[in-house]
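Structure record follows, encoded as structure tokens.
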Number of protein chains: 2
Amino acid sequence: MSTATYTVKGMTCGHCVSSVKEEVAEVAGVTSVEVDLSTGLLTVGSESPVQDAAVFAAVEEAGYEVAAR
Amino acid sequence: MSTATYTVKGMTCGHCVSSVKEEVAEVAGVTSVEVDLSTGLLTVGSESPVQDAAVFAAVEEAGYEVAAR
């Protein structure tokens with residue numbers, strides 16, 4: 001089990017959170033996604049480590065940006 | 001043709017705008033819905049006047065509030 005955290009910029013409401021969760025959940029290997037709107041914290045769980053680039057791309061696909069890993 | 005404007009509170013992003021548009025568009029008689037995120041201005045077009053209460057209810061259904069009519 002592997003967990004990685006990222007900080008996402010630009011989320012303003014629950015819809016934003018849902019968009020990010022939906023896209024990141026589609027990344028191959030991801031088994032859980034948690035997002036905290038107030039802090040922008042994105043926590044991604046997976047069986048084996050997932051490439052950061054794939055998570056970054058998913059967040060961008062949702063319309064947001066990873067500010068920090 | 002009738003047009004009514006309202007000010008909606010609480011919308012923070014494009015998803016919020018979409019939610020409001022979607023719900024208000026479902027009100028019987030409504031033919032057009034415009035929402036300006038920066039001002040909160042909601043403009044509702046219809047063939048004949050639509051009851052304010054129906055628009056208020058639709059905005060609330062979307063999770064927001066009409067601050068002014």
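Quick note on naming: the chains in the structure tokens go A, B, ... in the order shown, residues restart at 1 in each chain, and ligands are numbered from 1 in order of appearance.
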Find the nearest atom pair between each residue of chain A and chain B for residues within 9 Å, count only C-alpha atoms, give distances in Å to one decimal, sort rows by chain and ascending number, and present the table as CSV.
```
residue,atom,partner,partner_atom,distance
A:Met11,CA,B:Cys13,CA,8.5
A:Thr12,CA,B:Thr12,CA,6.0
A:Cys13,CA,B:Thr12,CA,6.6
A:His15,CA,B:His15,CA,5.9
A:Cys16,CA,B:His15,CA,7.1
```
Would you save the residues of that selection, restricted to all heavy atoms, as a PDB file, in the first residue's frame?
```
ATOM      1  N   MET A  11      -9.046  25.058  -6.339  1.00  0.00           N
ATOM      2  CA  MET A  11     -10.363  24.494  -6.019  1.00  0.00           C
ATOM      3  C   MET A  11     -11.114  25.462  -5.109  1.00  0.00           C
ATOM      4  O   MET A  11     -10.560  25.933  -4.116  1.00  0.00           O
ATOM      5  CB  MET A  11     -10.217  23.142  -5.317  1.00  0.00           C
ATOM      6  CG  MET A  11      -9.548  22.074  -6.162  1.00  0.00           C
ATOM      7  SD  MET A  11      -9.523  20.464  -5.310  1.00  0.00           S
ATOM      8  CE  MET A  11      -8.518  20.870  -3.864  1.00  0.00           C
ATOM      9  N   THR A  12     -12.367  25.747  -5.465  1.00  0.00           N
ATOM     10  CA  THR A  12     -13.125  26.729  -4.684  1.00  0.00           C
ATOM     11  C   THR A  12     -14.389  26.176  -4.055  1.00  0.00           C
ATOM     12  O   THR A  12     -14.979  26.826  -3.202  1.00  0.00           O
ATOM     13  CB  THR A  12     -13.530  27.933  -5.560  1.00  0.00           C
ATOM     14  OG1 THR A  12     -14.253  27.422  -6.694  1.00  0.00           O
ATOM     15  CG2 THR A  12     -12.324  28.707  -6.033  1.00  0.00           C
ATOM     16  N   CYS A  13     -14.820  25.005  -4.489  1.00  0.00           N
ATOM     17  CA  CYS A  13     -16.094  24.495  -3.961  1.00  0.00           C
ATOM     18  C   CYS A  13     -16.149  22.973  -4.075  1.00  0.00           C
ATOM     19  O   CYS A  13     -15.239  22.341  -4.601  1.00  0.00           O
ATOM     20  CB  CYS A  13     -17.277  25.123  -4.697  1.00  0.00           C
ATOM     21  SG  CYS A  13     -17.507  24.497  -6.369  1.00  0.00           S
ATOM     22  N   HIS A  15     -17.844  21.161  -5.973  1.00  0.00           N
ATOM     23  CA  HIS A  15     -17.829  20.658  -7.344  1.00  0.00           C
ATOM     24  C   HIS A  15     -16.400  20.479  -7.818  1.00  0.00           C
ATOM     25  O   HIS A  15     -16.089  19.542  -8.556  1.00  0.00           O
ATOM     26  CB  HIS A  15     -18.526  21.627  -8.303  1.00  0.00           C
ATOM     27  CG  HIS A  15     -19.964  21.884  -8.010  1.00  0.00           C
ATOM     28  ND1 HIS A  15     -20.435  23.123  -7.671  1.00  0.00           N
ATOM     29  CD2 HIS A  15     -21.022  21.054  -8.007  1.00  0.00           C
ATOM     30  CE1 HIS A  15     -21.745  23.044  -7.491  1.00  0.00           C
ATOM     31  NE2 HIS A  15     -22.123  21.803  -7.680  1.00  0.00           N
ATOM     32  N   CYS A  16     -15.546  21.410  -7.431  1.00  0.00           N
ATOM     33  CA  CYS A  16     -14.131  21.329  -7.810  1.00  0.00           C
ATOM     34  C   CYS A  16     -13.525  20.063  -7.211  1.00  0.00           C
ATOM     35  O   CYS A  16     -12.791  19.336  -7.878  1.00  0.00           O
ATOM     36  CB  CYS A  16     -13.364  22.551  -7.293  1.00  0.00           C
ATOM     37  SG  CYS A  16     -13.959  24.121  -7.948  1.00  0.00           S
TER      38      CYS A  16
END
```
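All residues of chain A that DSSP, run on the backbone, classes as helix (DSSP H, G or I) are A:Gly14, A:His15, A:Cys16, A:Val17, A:Ser18, A:Ser19, A:Val20, A:Lys21, A:Glu22, A:Glu23, A:Val24, A:Ala25, A:Asp52, A:Ala53, A:Ala54, A:Val55, A:Phe56, A:Ala57, A:Ala58, A:Val59, A:Glu60, A:Glu61, A:Ala62.
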(Q) Considering only strand (DSSP E or B) as DSSP defines it on the backbone, what residues of chain B qualify? List them as a ChimeraX atom specification. (A) /B:2-9,30-36,41-46,65-68
Q) Excluding same-chain residues fewer than 3 positions from Glu61 of chain B, what lies within 10 Å of it counting only C-alpha atoms, as a PyMOL selection string? A) chain B and resi 19-20+23-24+55-58+64-65
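Across B:Val44, B:Ala53, B:Ala4, B:Val66, the tightest approach to Ala25 of chain B is made by B:Val44 when counting only C-alpha atoms.
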Write out as a short mmCIF file (atom, residue, chain, number, x, y, z; two decimals) with all heavy atoms, in the first residue's frame the residues lying within 10 Å of Glu47 of chain B, counting only C-alpha atoms and excluding same-chain residues fewer than 3 positions away.
```cif
data_model
loop_
_atom_site.label_atom_id
_atom_site.label_comp_id
_atom_site.auth_asym_id
_atom_site.auth_seq_id
_atom_site.Cartn_x
_atom_site.Cartn_y
_atom_site.Cartn_z
N MET B 1 -42.39 37.76 -24.56
CA MET B 1 -41.07 37.46 -24.00
C MET B 1 -40.88 38.23 -22.70
O MET B 1 -41.14 39.43 -22.64
CB MET B 1 -39.98 37.85 -25.02
CG MET B 1 -38.59 37.39 -24.66
SD MET B 1 -38.46 35.58 -24.61
CE MET B 1 -36.88 35.39 -23.79
N SER B 2 -40.43 37.52 -21.68
CA SER B 2 -40.27 38.12 -20.35
C SER B 2 -38.85 37.83 -19.83
O SER B 2 -38.31 36.76 -20.08
CB SER B 2 -41.31 37.49 -19.42
OG SER B 2 -41.13 37.94 -18.10
N THR B 3 -38.26 38.81 -19.17
CA THR B 3 -36.92 38.61 -18.60
C THR B 3 -36.92 39.07 -17.15
O THR B 3 -37.45 40.12 -16.83
CB THR B 3 -35.87 39.41 -19.38
OG1 THR B 3 -35.91 39.03 -20.75
CG2 THR B 3 -34.47 39.15 -18.85
N GLY B 29 -41.52 26.78 -18.30
CA GLY B 29 -41.70 28.07 -18.98
C GLY B 29 -40.40 28.80 -19.28
O GLY B 29 -40.38 29.71 -20.10
N VAL B 30 -39.32 28.41 -18.62
CA VAL B 30 -38.04 29.10 -18.82
C VAL B 30 -37.45 28.72 -20.18
O VAL B 30 -37.38 27.54 -20.53
CB VAL B 30 -37.04 28.75 -17.69
CG1 VAL B 30 -35.63 29.22 -18.03
CG2 VAL B 30 -37.52 29.38 -16.38
N THR B 31 -37.05 29.73 -20.94
CA THR B 31 -36.52 29.49 -22.28
C THR B 31 -35.03 29.82 -22.39
O THR B 31 -34.35 29.38 -23.30
CB THR B 31 -37.29 30.31 -23.34
OG1 THR B 31 -37.30 31.68 -22.93
CG2 THR B 31 -38.72 29.82 -23.47
N SER B 32 -34.52 30.65 -21.45
CA SER B 32 -33.09 30.97 -21.46
C SER B 32 -32.61 31.30 -20.06
O SER B 32 -33.36 31.83 -19.23
CB SER B 32 -32.78 32.14 -22.40
OG SER B 32 -33.28 33.34 -21.84
N VAL B 50 -42.38 34.09 -15.15
CA VAL B 50 -42.24 32.89 -14.30
C VAL B 50 -42.31 33.34 -12.85
O VAL B 50 -41.85 34.42 -12.50
CB VAL B 50 -40.88 32.20 -14.60
CG1 VAL B 50 -40.52 31.21 -13.52
CG2 VAL B 50 -40.93 31.52 -15.96
#
```
(Q) One number please: atom CA of Asp36 of chain A to atom CA of Thr7 of chain B, in Å, one decimal. (A) 28.8 Å
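Taking atom CA of Thr5 of chain B and atom CA of Gly63 of chain B as endpoints, the distance between them is 18.3 Å.
Distances from B:Ala28, B:Leu41, B:Ala54, B:Val33 to Lys9 of chain B were compared using only C-alpha atoms, and the smallest one belongs to B:Leu41.
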**Q.** Atomic distance atom CA of Leu37 of chain B - atom CA of Lys21 of chain B, expressed in Å with one decimal
**A.** 11.2 Å
